[in-house]
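**Q** Provided herewith: my_file.cif, mmCIF, C-alpha atoms.
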```cif
data_final
#
loop_
_atom_site.group_PDB
_atom_site.id
_atom_site.type_symbol
_atom_site.label_atom_id
_atom_site.label_comp_id
_atom_site.auth_asym_id
_atom_site.auth_seq_id
_atom_site.Cartn_x
_atom_site.Cartn_y
_atom_site.Cartn_z
ATOM 1 C CA MET N 1 27.883 85.620 67.816
ATOM 2 C CA GLU N 2 28.111 81.867 68.327
ATOM 3 C CA TYR N 3 30.731 81.640 65.601
ATOM 4 C CA ARG N 4 32.938 84.183 67.317
ATOM 5 C CA THR N 5 32.680 82.392 70.667
ATOM 6 C CA ASN N 6 33.632 79.068 69.162
ATOM 7 C CA TYR N 7 36.558 80.699 67.336
ATOM 8 C CA ALA N 8 37.850 82.277 70.553
ATOM 9 C CA ASN N 9 37.560 78.974 72.389
ATOM 10 C CA SER N 10 39.488 77.214 69.640
ATOM 11 C CA LEU N 11 42.340 79.715 70.010
ATOM 12 C CA ASP N 12 42.479 79.153 73.775
ATOM 13 C CA GLU N 13 42.747 75.409 73.251
ATOM 14 C CA GLN N 14 45.668 75.718 70.831
ATOM 15 C CA GLU N 15 49.156 75.059 72.242
ATOM 16 C CA LEU N 16 51.487 78.030 72.339
ATOM 17 C CA PRO N 17 54.464 77.709 70.008
ATOM 18 C CA ALA N 18 57.631 76.203 71.566
ATOM 19 C CA GLU N 19 60.482 78.531 72.603
ATOM 20 C CA PRO N 20 62.850 79.122 69.681
ATOM 21 C CA LEU N 21 65.867 76.822 69.834
ATOM 22 C CA TRP N 22 68.305 79.713 69.758
ATOM 23 C CA HIS N 23 66.839 80.943 73.078
ATOM 24 C CA THR N 24 67.772 77.608 74.653
ATOM 25 C CA TRP N 25 71.275 77.735 73.200
ATOM 26 C CA ASP N 26 71.702 81.286 74.447
ATOM 27 C CA LYS N 27 70.716 80.313 77.990
ATOM 28 C CA ASN N 28 73.078 77.345 77.974
ATOM 29 C CA ALA N 29 75.927 79.540 76.730
ATOM 30 C CA ASP N 30 75.351 82.083 79.521
ATOM 31 C CA LYS N 31 77.789 80.562 81.987
ATOM 32 C CA GLU N 32 76.844 80.935 85.656
ATOM 33 C CA GLY N 33 78.238 79.226 88.769
ATOM 34 C CA GLU N 34 80.799 76.455 88.695
ATOM 35 C CA ARG N 35 81.334 74.771 85.328
ATOM 36 C CA CYS N 36 83.425 71.973 83.926
ATOM 37 C CA THR N 37 86.325 72.897 81.693
ATOM 38 C CA VAL N 38 85.496 75.455 78.988
ATOM 39 C CA PHE N 39 87.725 75.389 75.896
ATOM 40 C CA TRP N 40 88.671 78.144 73.433
ATOM 41 C CA VAL N 41 89.594 77.546 69.809
ATOM 42 C CA ASP N 42 93.058 79.090 70.355
ATOM 43 C CA GLY N 43 94.004 76.405 72.896
ATOM 44 C CA LYS N 44 93.093 78.146 76.157
ATOM 45 C CA ARG N 45 90.855 76.481 78.712
ATOM 46 C CA TYR N 46 89.297 77.479 82.022
ATOM 47 C CA GLN N 47 87.856 75.485 84.880
ATOM 48 C CA GLY N 48 86.090 77.230 87.730
ATOM 49 C CA GLU N 49 83.371 79.649 88.689
ATOM 50 C CA TRP N 50 81.442 82.068 86.453
ATOM 51 C CA HIS N 51 79.043 84.956 86.927
ATOM 52 C CA GLY N 52 77.233 86.802 84.162
ATOM 53 C CA ASN N 53 79.152 84.830 81.508
ATOM 54 C CA LYS N 54 82.481 86.024 82.950
ATOM 55 C CA LYS N 55 85.158 84.268 84.972
ATOM 56 C CA HIS N 56 84.285 85.272 88.530
ATOM 57 C CA GLY N 57 85.301 83.536 91.761
ATOM 58 C CA LYS N 58 87.879 80.767 92.020
ATOM 59 C CA GLY N 59 89.214 79.140 88.895
ATOM 60 C CA THR N 60 92.178 77.918 86.866
ATOM 61 C CA GLN N 61 93.070 79.371 83.461
ATOM 62 C CA TYR N 62 95.385 77.435 81.136
ATOM 63 C CA TYR N 63 97.007 79.591 78.457
ATOM 64 C CA LYS N 64 97.957 78.523 74.942
ATOM 65 C CA ASN N 65 101.694 78.772 75.781
ATOM 66 C CA GLY N 66 101.233 76.179 78.550
ATOM 67 C CA ASP N 67 101.300 78.591 81.506
ATOM 68 C CA LYS N 68 98.456 78.585 84.006
ATOM 69 C CA TYR N 69 96.905 80.817 86.659
ATOM 70 C CA GLU N 70 95.165 79.469 89.749
ATOM 71 C CA GLY N 71 93.242 81.829 91.991
ATOM 72 C CA ASN N 72 90.528 84.430 92.221
ATOM 73 C CA TRP N 73 88.793 86.242 89.356
ATOM 74 C CA VAL N 74 86.541 89.295 89.150
ATOM 75 C CA GLU N 75 84.696 89.939 85.872
ATOM 76 C CA ASP N 76 87.199 88.085 83.663
ATOM 77 C CA ARG N 77 90.250 89.618 85.370
ATOM 78 C CA ARG N 78 92.706 88.121 87.826
ATOM 79 C CA CYS N 79 91.857 89.840 91.089
ATOM 80 C CA GLY N 80 92.609 88.821 94.675
ATOM 81 C CA GLN N 81 94.929 86.006 95.713
ATOM 82 C CA GLY N 82 96.413 83.873 92.960
ATOM 83 C CA THR N 83 99.419 81.997 91.595
ATOM 84 C CA TYR N 84 100.870 82.215 88.086
ATOM 85 C CA TRP N 85 102.817 79.146 86.906
ATOM 86 C CA LYS N 86 105.321 79.079 84.037
ATOM 87 C CA ASN N 87 105.464 75.980 81.872
ATOM 88 C CA GLU N 88 109.132 75.302 81.151
ATOM 89 C CA TYR N 89 109.916 72.175 79.149
ATOM 90 C CA GLY N 90 106.778 70.454 80.412
ATOM 91 C CA LYS N 91 107.301 71.306 84.076
ATOM 92 C CA TYR N 92 105.557 74.011 86.077
ATOM 93 C CA ARG N 93 107.511 76.655 88.012
ATOM 94 C CA VAL N 94 105.893 79.254 90.253
ATOM 95 C CA GLN N 95 106.543 82.689 88.776
ATOM 96 C CA TYR N 96 104.329 84.796 91.035
ATOM 97 C CA ASN N 97 102.296 84.083 94.130
ATOM 98 C CA GLY N 98 100.362 86.886 95.754
ATOM 99 C CA GLU N 99 97.736 89.539 95.225
ATOM 100 C CA TRP N 100 96.306 90.757 91.908
ATOM 101 C CA LYS N 101 94.121 93.621 90.751
ATOM 102 C CA ASP N 102 92.705 94.212 87.254
ATOM 103 C CA ASP N 103 94.861 91.422 85.790
ATOM 104 C CA LYS N 104 98.093 92.868 87.250
ATOM 105 C CA LYS N 105 100.334 92.119 90.207
ATOM 106 C CA HIS N 106 99.061 94.520 92.842
ATOM 107 C CA GLY N 107 99.456 94.258 96.609
ATOM 108 C CA PHE N 108 101.784 91.881 98.446
ATOM 109 C CA GLY N 109 103.402 89.026 96.552
ATOM 110 C CA THR N 110 106.533 87.081 95.674
ATOM 111 C CA TYR N 111 107.993 86.905 92.166
ATOM 112 C CA TYR N 112 110.617 84.356 91.039
ATOM 113 C CA ASP N 113 112.528 84.782 87.795
ATOM 114 C CA LYS N 114 113.967 81.902 85.768
ATOM 115 C CA LYS N 115 117.439 82.398 87.301
ATOM 116 C CA GLY N 116 116.083 81.906 90.812
ATOM 117 C CA ASP N 117 116.239 85.540 91.940
ATOM 118 C CA PHE N 118 113.120 86.637 93.763
ATOM 119 C CA TYR N 119 111.341 89.761 94.946
ATOM 120 C CA GLN N 120 109.094 89.642 97.979
ATOM 121 C CA GLY N 121 107.103 92.731 98.818
ATOM 122 C CA TYR N 122 104.522 95.157 97.507
ATOM 123 C CA TRP N 123 103.424 95.783 93.923
ATOM 124 C CA VAL N 124 101.482 98.450 92.046
ATOM 125 C CA ASP N 125 100.390 97.842 88.439
ATOM 126 C CA ASN N 126 102.910 95.020 87.873
ATOM 127 C CA MET N 127 105.807 97.064 89.313
ATOM 128 C CA ARG N 128 107.714 96.754 92.584
ATOM 129 C CA HIS N 129 106.469 99.647 94.672
ATOM 130 C CA GLY N 130 106.611 100.115 98.444
ATOM 131 C CA LYS N 131 108.531 97.937 100.893
ATOM 132 C CA GLY N 132 110.244 94.908 99.416
ATOM 133 C CA LYS N 133 113.203 92.539 99.319
ATOM 134 C CA GLN N 134 115.105 91.608 96.135
ATOM 135 C CA THR N 135 117.815 88.970 95.789
ATOM 136 C CA TYR N 136 120.531 89.007 93.114
ATOM 137 C CA GLY N 137 122.340 85.761 92.330
ATOM 138 C CA GLY N 138 122.704 83.148 95.027
ATOM 139 C CA ARG N 139 121.048 79.801 95.403
ATOM 140 C CA PRO N 140 117.716 79.279 93.657
ATOM 141 C CA PRO N 141 115.045 79.757 94.755
ATOM 142 C CA ASP N 142 115.787 81.449 98.105
ATOM 143 C CA GLY N 143 118.771 83.595 97.017
ATOM 144 C CA PHE N 144 121.088 82.327 99.754
ATOM 145 C CA GLY N 145 124.691 83.362 99.115
ATOM 146 C CA GLY N 146 123.837 86.261 96.803
ATOM 147 C CA ASP N 147 123.337 90.017 97.149
ATOM 148 C CA VAL N 148 120.160 91.258 98.851
ATOM 149 C CA TYR N 149 118.404 94.641 98.842
ATOM 150 C CA GLU N 150 115.725 95.313 101.433
ATOM 151 C CA GLY N 151 113.917 98.620 101.644
ATOM 152 C CA ASP N 152 111.823 101.103 99.671
ATOM 153 C CA TRP N 153 110.872 100.821 96.004
ATOM 154 C CA TYR N 154 109.332 103.367 93.675
ATOM 155 C CA TYR N 155 107.913 101.993 90.418
ATOM 156 C CA ASN N 156 110.505 99.234 89.953
ATOM 157 C CA LYS N 157 113.472 101.238 91.250
ATOM 158 C CA ARG N 158 115.202 101.306 94.625
ATOM 159 C CA HIS N 159 114.179 104.667 95.998
ATOM 160 C CA GLY N 160 114.058 105.881 99.601
ATOM 161 C CA LYS N 161 115.667 104.116 102.553
ATOM 162 C CA GLY N 162 117.236 100.724 101.976
ATOM 163 C CA THR N 163 119.942 98.253 102.937
ATOM 164 C CA PHE N 164 122.058 96.471 100.336
ATOM 165 C CA THR N 165 123.981 93.430 101.599
ATOM 166 C CA LEU N 166 126.654 92.033 99.294
ATOM 167 C CA LYS N 167 127.580 88.357 99.243
ATOM 168 C CA ASN N 168 131.074 89.172 100.575
ATOM 169 C CA GLY N 169 129.543 90.615 103.751
ATOM 170 C CA ASP N 170 129.823 94.323 102.890
ATOM 171 C CA VAL N 171 126.718 96.390 103.618
ATOM 172 C CA TYR N 172 125.387 99.753 102.480
ATOM 173 C CA GLN N 173 122.646 101.322 104.560
ATOM 174 C CA GLY N 174 121.150 104.643 103.610
ATOM 175 C CA GLU N 175 119.284 106.648 100.987
ATOM 176 C CA TRP N 176 118.553 105.656 97.405
ATOM 177 C CA ALA N 177 117.217 107.547 94.396
ATOM 178 C CA ASP N 178 116.450 106.261 90.912
ATOM 179 C CA ASP N 179 118.060 102.849 91.681
ATOM 180 C CA LEU N 180 121.345 104.422 92.876
ATOM 181 C CA LYS N 181 122.881 105.201 96.259
ATOM 182 C CA HIS N 182 122.063 108.863 96.696
ATOM 183 C CA GLY N 183 122.056 110.920 99.903
ATOM 184 C CA PRO N 184 123.287 110.167 103.446
ATOM 185 C CA GLY N 185 124.481 106.619 103.990
ATOM 186 C CA SER N 186 126.945 104.270 105.645
ATOM 187 C CA PHE N 187 129.055 101.551 104.043
ATOM 188 C CA PHE N 188 130.397 98.700 106.204
ATOM 189 C CA TYR N 189 133.486 96.845 104.953
ATOM 190 C CA GLU N 190 133.570 93.270 106.225
ATOM 191 C CA SER N 191 137.197 92.506 105.317
ATOM 192 C CA THR N 192 138.734 95.578 107.027
ATOM 193 C CA GLN N 193 136.095 96.083 109.721
ATOM 194 C CA LYS N 194 135.867 99.738 108.699
ATOM 195 C CA ARG N 195 132.819 101.876 108.028
ATOM 196 C CA TYR N 196 132.364 104.905 105.838
ATOM 197 C CA ASP N 197 129.738 107.467 106.847
ATOM 198 C CA GLY N 198 129.013 110.197 104.355
ATOM 199 C CA VAL N 199 126.954 111.488 101.462
ATOM 200 C CA TRP N 200 126.489 109.733 98.137
ATOM 201 C CA SER N 201 125.615 111.132 94.725
ATOM 202 C CA GLU N 202 124.497 108.865 91.896
ATOM 203 C CA ASP N 203 126.157 105.782 93.437
ATOM 204 C CA LEU N 204 129.450 107.539 94.307
ATOM 205 C CA PRO N 205 130.622 108.831 97.719
ATOM 206 C CA THR N 206 131.216 112.602 97.685
ATOM 207 C CA CYS N 207 132.302 113.346 101.244
ATOM 208 C CA GLY N 208 132.569 111.458 104.511
ATOM 209 C CA SER N 209 134.849 109.776 107.021
ATOM 210 C CA TYR N 210 136.162 106.310 107.906
ATOM 211 C CA THR N 211 135.988 104.786 111.378
ATOM 212 C CA ASP N 212 136.285 101.331 112.914
ATOM 213 C CA ILE N 213 133.138 99.220 113.103
ATOM 214 C CA THR N 214 132.027 98.982 116.710
ATOM 215 C CA PRO N 215 130.175 95.829 117.819
ATOM 216 C CA GLY N 216 126.439 95.996 117.254
ATOM 217 C CA THR N 217 126.486 98.857 114.728
ATOM 218 C CA LYS N 218 126.586 96.771 111.540
ATOM 219 C CA PRO N 219 123.144 95.845 110.210
ATOM 220 C CA PRO N 220 122.268 92.155 110.676
ATOM 221 C CA PRO N 221 122.121 89.917 107.581
ATOM 222 C CA PRO N 222 118.749 89.906 105.825
ATOM 223 C CA LYS N 223 116.264 87.158 106.623
ATOM 224 C CA LEU N 224 115.451 84.932 103.683
ATOM 225 C CA PRO N 225 112.325 82.770 103.411
ATOM 226 C CA VAL N 226 112.507 79.334 104.979
ATOM 227 C CA LEU N 227 112.069 76.530 102.457
ATOM 228 C CA GLU N 228 110.023 73.508 103.517
ATOM 229 C CA LEU N 229 109.671 70.204 101.723
ATOM 230 C CA MET N 230 106.121 69.405 100.619
ATOM 231 C CA ASP N 231 104.485 66.117 101.532
ATOM 232 C CA ALA N 232 105.281 63.741 98.664
ATOM 233 C CA ARG N 233 101.966 61.868 98.904
ATOM 234 C CA ALA N 234 100.003 65.141 98.862
ATOM 235 C CA VAL N 235 101.875 66.292 95.731
ATOM 236 C CA GLU N 236 101.228 62.952 94.015
ATOM 237 C CA ARG N 237 97.537 63.040 94.973
ATOM 238 C CA SER N 238 97.138 66.592 93.678
ATOM 239 C CA ALA N 239 98.842 65.719 90.360
ATOM 240 C CA HIS N 240 96.611 62.661 89.988
ATOM 241 C CA GLU N 241 93.429 64.689 90.591
ATOM 242 C CA GLU N 242 94.482 67.313 88.033
ATOM 243 C CA ALA N 243 95.256 64.628 85.441
ATOM 244 C CA VAL N 244 91.794 63.119 85.932
ATOM 245 C CA ARG N 245 90.120 66.538 85.585
ATOM 246 C CA ASN N 246 91.920 67.142 82.293
ATOM 247 C CA LEU N 247 90.737 63.884 80.720
#
```
Using structure tokens, write down the structure from this file.

**A**
Amino acid sequence: MEYRTNYANSLDEQELPAEPLWHTWDKNADKEGERCTVFWVDGKRYQGEWHGNKKHGKGTQYYKNGDKYEGNWVEDRRCGQGTYWKNEYGKYRVQYNGEWKDDKKHGFGTYYDKKGDFYQGYWVDNMRHGKGKQTYGGRPPDGFGGDVYEGDWYYNKRHGKGTFTLKNGDVYQGEWADDLKHGPGSFFYESTQKRYDGVWSEDLPTCGSYTDITPGTKPPPPKLPVLELMDARAVERSAHEEAVRNL
């Protein structure tokens, strides 16, 4: 009986074995909260917030092609407000600034292509859908001096009611279907001060009449975004801070 008691006491006095090292590594790898830059073997890196080992919250993702995304994340997907930057010959250009959902442009946002044309309006699953404004040609990046469409979109096509203003001052205002003028509409000719009111079918007028343009009946020119110069010191300070973070 005494032997058993002494044996039990000796077990109680023994130190429990240390936690296996792989448990410690696993806990350290489970990223939670704000972290320093995390690197991938394929060249990507991410700096920002994590939750449950997934990008979640605010953060910046650098892609292997040099592009980057700055904004909100939900469970490893771009979601919420964010900006996607294109890396072109070592310089960053804003490609899209606006709302995201499930890694796609979704909600209100502005997209700039490499020619300087832009679309400002609503998106669904990476496609222009809803109310929006698209410029064609003109001065980068605001589209001044080019053609402008403002109106309804349906999965990347002009569809519904819309106004198309040409750079020469002519204006079409009316119905659209499948990216073409289709249905009742009016065309205003700037050079002759005439207007055509009629019906269109697949971009061609089918019947209608010409009259003189009376003052106040022609749609006003579309409003383009106002460009403002950024504070040079603020830009320099931001670039300096990013360079330090990437050391």

**Q** Interatomic distance between atom CA of Phe188 of chain N and atom CA of Pro220 of chain N?

**A**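 Computed distance, atom CA of Phe188 of chain N to atom CA of Pro220 of chain N, equals 11.4 Å.
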
**Q** Could you pull the residues within 8 Å of His106 of chain N, counting all atoms listed in the file, minus those fewer than 6 positions along the same chain, as a list of chain:residue names?

**A**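 The residues that qualify are N:Glu99, N:Trp100, N:Tyr122, N:Trp123, N:Val124, N:Asp125, N:Asn126.
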
**Q** Please evaluate the PyMOL selection byres ((chain N and resi 150) around 8) against the structure above and give the resulting residues as a list in words.

**A** Lys131, Gly132, Lys133, Gln134, Val148, Tyr149, Gly151, Asp152, Gly162, Thr163, Phe164 and Pro222 of chain N

**Q** Using the chain letters and numbers from this file, what does the PyMOL selection byres ((chain N and resi 51) around 12) select? Give the answer as a ChimeraX atom specification.

**A** /N:29-35,48-50,52-59,73-76

**Q** Do you know which residues the PyMOL selection byres ((chain N and resi 209) around 10) returns on this file, as a PyMOL selection string?

**A** chain N and resi 186+195-199+207-208+210-211

**Q** Give me, please, the distance in Å between atom CA of Phe118 of chain N and atom CA of Tyr92 of chain N, quoted to one decimal.

**A**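 Answer for the atom CA of Phe118 of chain N to atom CA of Tyr92 of chain N separation: 16.6 Å.
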
**Q** Smallest atom-to-atom distance to Gly146 of chain N: which of N:Lys167, N:Arg77, N:Lys105, N:His159, using all atoms listed in the file?

**A**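 Closest candidate: N:Lys167.
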
**Q** In Å to one decimal, how far is atom CA of Lys68 of chain N from atom CA of Trp40 of chain N?

**A**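 Those two atoms sit 14.4 Å apart.
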
**Q** All heavy atoms are needed for segment 105-116 of chain N; please write them out as an mmCIF file, in the frame of the given file.

**A**
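Final output, saved to selection-v4.cif:
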```cif
data_model
loop_
_atom_site.group_PDB
_atom_site.id
_atom_site.type_symbol
_atom_site.label_atom_id
_atom_site.label_comp_id
_atom_site.auth_asym_id
_atom_site.auth_seq_id
_atom_site.Cartn_x
_atom_site.Cartn_y
_atom_site.Cartn_z
ATOM 1 N N LYS N 105 99.813 92.317 88.856
ATOM 2 C CA LYS N 105 100.334 92.119 90.207
ATOM 3 C C LYS N 105 100.132 93.417 90.989
ATOM 4 O O LYS N 105 100.612 94.466 90.588
ATOM 5 C CB LYS N 105 101.816 91.735 90.147
ATOM 6 C CG LYS N 105 102.072 90.401 89.461
ATOM 7 C CD LYS N 105 103.532 90.008 89.466
ATOM 8 C CE LYS N 105 104.353 90.801 88.459
ATOM 9 N NZ LYS N 105 104.041 90.435 87.075
ATOM 10 N N HIS N 106 99.418 93.312 92.103
ATOM 11 C CA HIS N 106 99.061 94.520 92.842
ATOM 12 C C HIS N 106 98.773 94.115 94.291
ATOM 13 O O HIS N 106 97.868 93.337 94.552
ATOM 14 C CB HIS N 106 97.827 95.182 92.222
ATOM 15 C CG HIS N 106 97.578 96.574 92.707
ATOM 16 N ND1 HIS N 106 97.925 97.689 91.976
ATOM 17 C CD2 HIS N 106 97.024 97.035 93.853
ATOM 18 C CE1 HIS N 106 97.578 98.771 92.647
ATOM 19 N NE2 HIS N 106 97.032 98.399 93.794
ATOM 20 N N GLY N 107 99.568 94.664 95.218
ATOM 21 C CA GLY N 107 99.456 94.258 96.609
ATOM 22 C C GLY N 107 100.724 93.536 97.024
ATOM 23 O O GLY N 107 101.806 93.801 96.489
ATOM 24 N N PHE N 108 100.605 92.607 97.959
ATOM 25 C CA PHE N 108 101.784 91.881 98.446
ATOM 26 C C PHE N 108 101.929 90.566 97.692
ATOM 27 O O PHE N 108 100.953 89.833 97.510
ATOM 28 C CB PHE N 108 101.659 91.597 99.939
ATOM 29 C CG PHE N 108 102.903 91.002 100.543
ATOM 30 C CD1 PHE N 108 103.935 91.823 100.964
ATOM 31 C CD2 PHE N 108 103.042 89.633 100.675
ATOM 32 C CE1 PHE N 108 105.094 91.285 101.520
ATOM 33 C CE2 PHE N 108 104.197 89.082 101.224
ATOM 34 C CZ PHE N 108 105.217 89.915 101.641
ATOM 35 N N GLY N 109 103.173 90.280 97.254
ATOM 36 C CA GLY N 109 103.402 89.026 96.552
ATOM 37 C C GLY N 109 104.874 88.748 96.348
ATOM 38 O O GLY N 109 105.741 89.608 96.563
ATOM 39 N N THR N 110 105.157 87.528 95.916
ATOM 40 C CA THR N 110 106.533 87.081 95.674
ATOM 41 C C THR N 110 106.681 86.656 94.224
ATOM 42 O O THR N 110 105.878 85.872 93.709
ATOM 43 C CB THR N 110 106.893 85.902 96.589
ATOM 44 O OG1 THR N 110 106.681 86.272 97.956
ATOM 45 C CG2 THR N 110 108.351 85.508 96.408
ATOM 46 N N TYR N 111 107.725 87.184 93.569
ATOM 47 C CA TYR N 111 107.993 86.905 92.166
ATOM 48 C C TYR N 111 109.348 86.209 92.043
ATOM 49 O O TYR N 111 110.345 86.651 92.624
ATOM 50 C CB TYR N 111 108.011 88.203 91.362
ATOM 51 C CG TYR N 111 108.351 88.032 89.890
ATOM 52 C CD1 TYR N 111 107.350 87.783 88.955
ATOM 53 C CD2 TYR N 111 109.666 88.109 89.448
ATOM 54 C CE1 TYR N 111 107.658 87.619 87.609
ATOM 55 C CE2 TYR N 111 109.984 87.945 88.114
ATOM 56 C CZ TYR N 111 108.972 87.697 87.197
ATOM 57 O OH TYR N 111 109.283 87.533 85.872
ATOM 58 N N TYR N 112 109.381 85.097 91.291
ATOM 59 C CA TYR N 112 110.617 84.356 91.039
ATOM 60 C C TYR N 112 110.933 84.418 89.552
ATOM 61 O O TYR N 112 110.074 84.103 88.722
ATOM 62 C CB TYR N 112 110.456 82.887 91.440
ATOM 63 C CG TYR N 112 110.101 82.663 92.894
ATOM 64 C CD1 TYR N 112 108.772 82.664 93.305
ATOM 65 C CD2 TYR N 112 111.089 82.441 93.853
ATOM 66 C CE1 TYR N 112 108.431 82.453 94.638
ATOM 67 C CE2 TYR N 112 110.752 82.227 95.184
ATOM 68 C CZ TYR N 112 109.432 82.235 95.567
ATOM 69 O OH TYR N 112 109.100 82.019 96.880
ATOM 70 N N ASP N 113 112.164 84.812 89.211
ATOM 71 C CA ASP N 113 112.528 84.782 87.795
ATOM 72 C C ASP N 113 113.166 83.435 87.466
ATOM 73 O O ASP N 113 113.382 82.594 88.339
ATOM 74 C CB ASP N 113 113.422 85.961 87.417
ATOM 75 C CG ASP N 113 114.824 85.883 88.020
ATOM 76 O OD1 ASP N 113 115.225 84.802 88.515
ATOM 77 O OD2 ASP N 113 115.535 86.907 88.006
ATOM 78 N N LYS N 114 113.482 83.208 86.187
ATOM 79 C CA LYS N 114 113.967 81.902 85.768
ATOM 80 C C LYS N 114 115.377 81.596 86.286
ATOM 81 O O LYS N 114 115.794 80.433 86.283
ATOM 82 C CB LYS N 114 113.936 81.799 84.247
ATOM 83 C CG LYS N 114 114.783 82.816 83.511
ATOM 84 C CD LYS N 114 114.611 82.654 82.014
ATOM 85 C CE LYS N 114 115.443 83.670 81.238
ATOM 86 N NZ LYS N 114 115.252 83.524 79.772
ATOM 87 N N LYS N 115 116.109 82.632 86.734
ATOM 88 C CA LYS N 115 117.439 82.398 87.301
ATOM 89 C C LYS N 115 117.377 82.023 88.774
ATOM 90 O O LYS N 115 118.371 81.593 89.343
ATOM 91 C CB LYS N 115 118.306 83.654 87.137
ATOM 92 C CG LYS N 115 118.578 84.048 85.709
ATOM 93 C CD LYS N 115 119.479 85.265 85.645
ATOM 94 C CE LYS N 115 118.831 86.483 86.278
ATOM 95 N NZ LYS N 115 119.685 87.700 86.159
ATOM 96 N N GLY N 116 116.217 82.218 89.395
ATOM 97 C CA GLY N 116 116.083 81.906 90.812
ATOM 98 C C GLY N 116 116.060 83.131 91.698
ATOM 99 O O GLY N 116 115.797 83.018 92.898
#
```
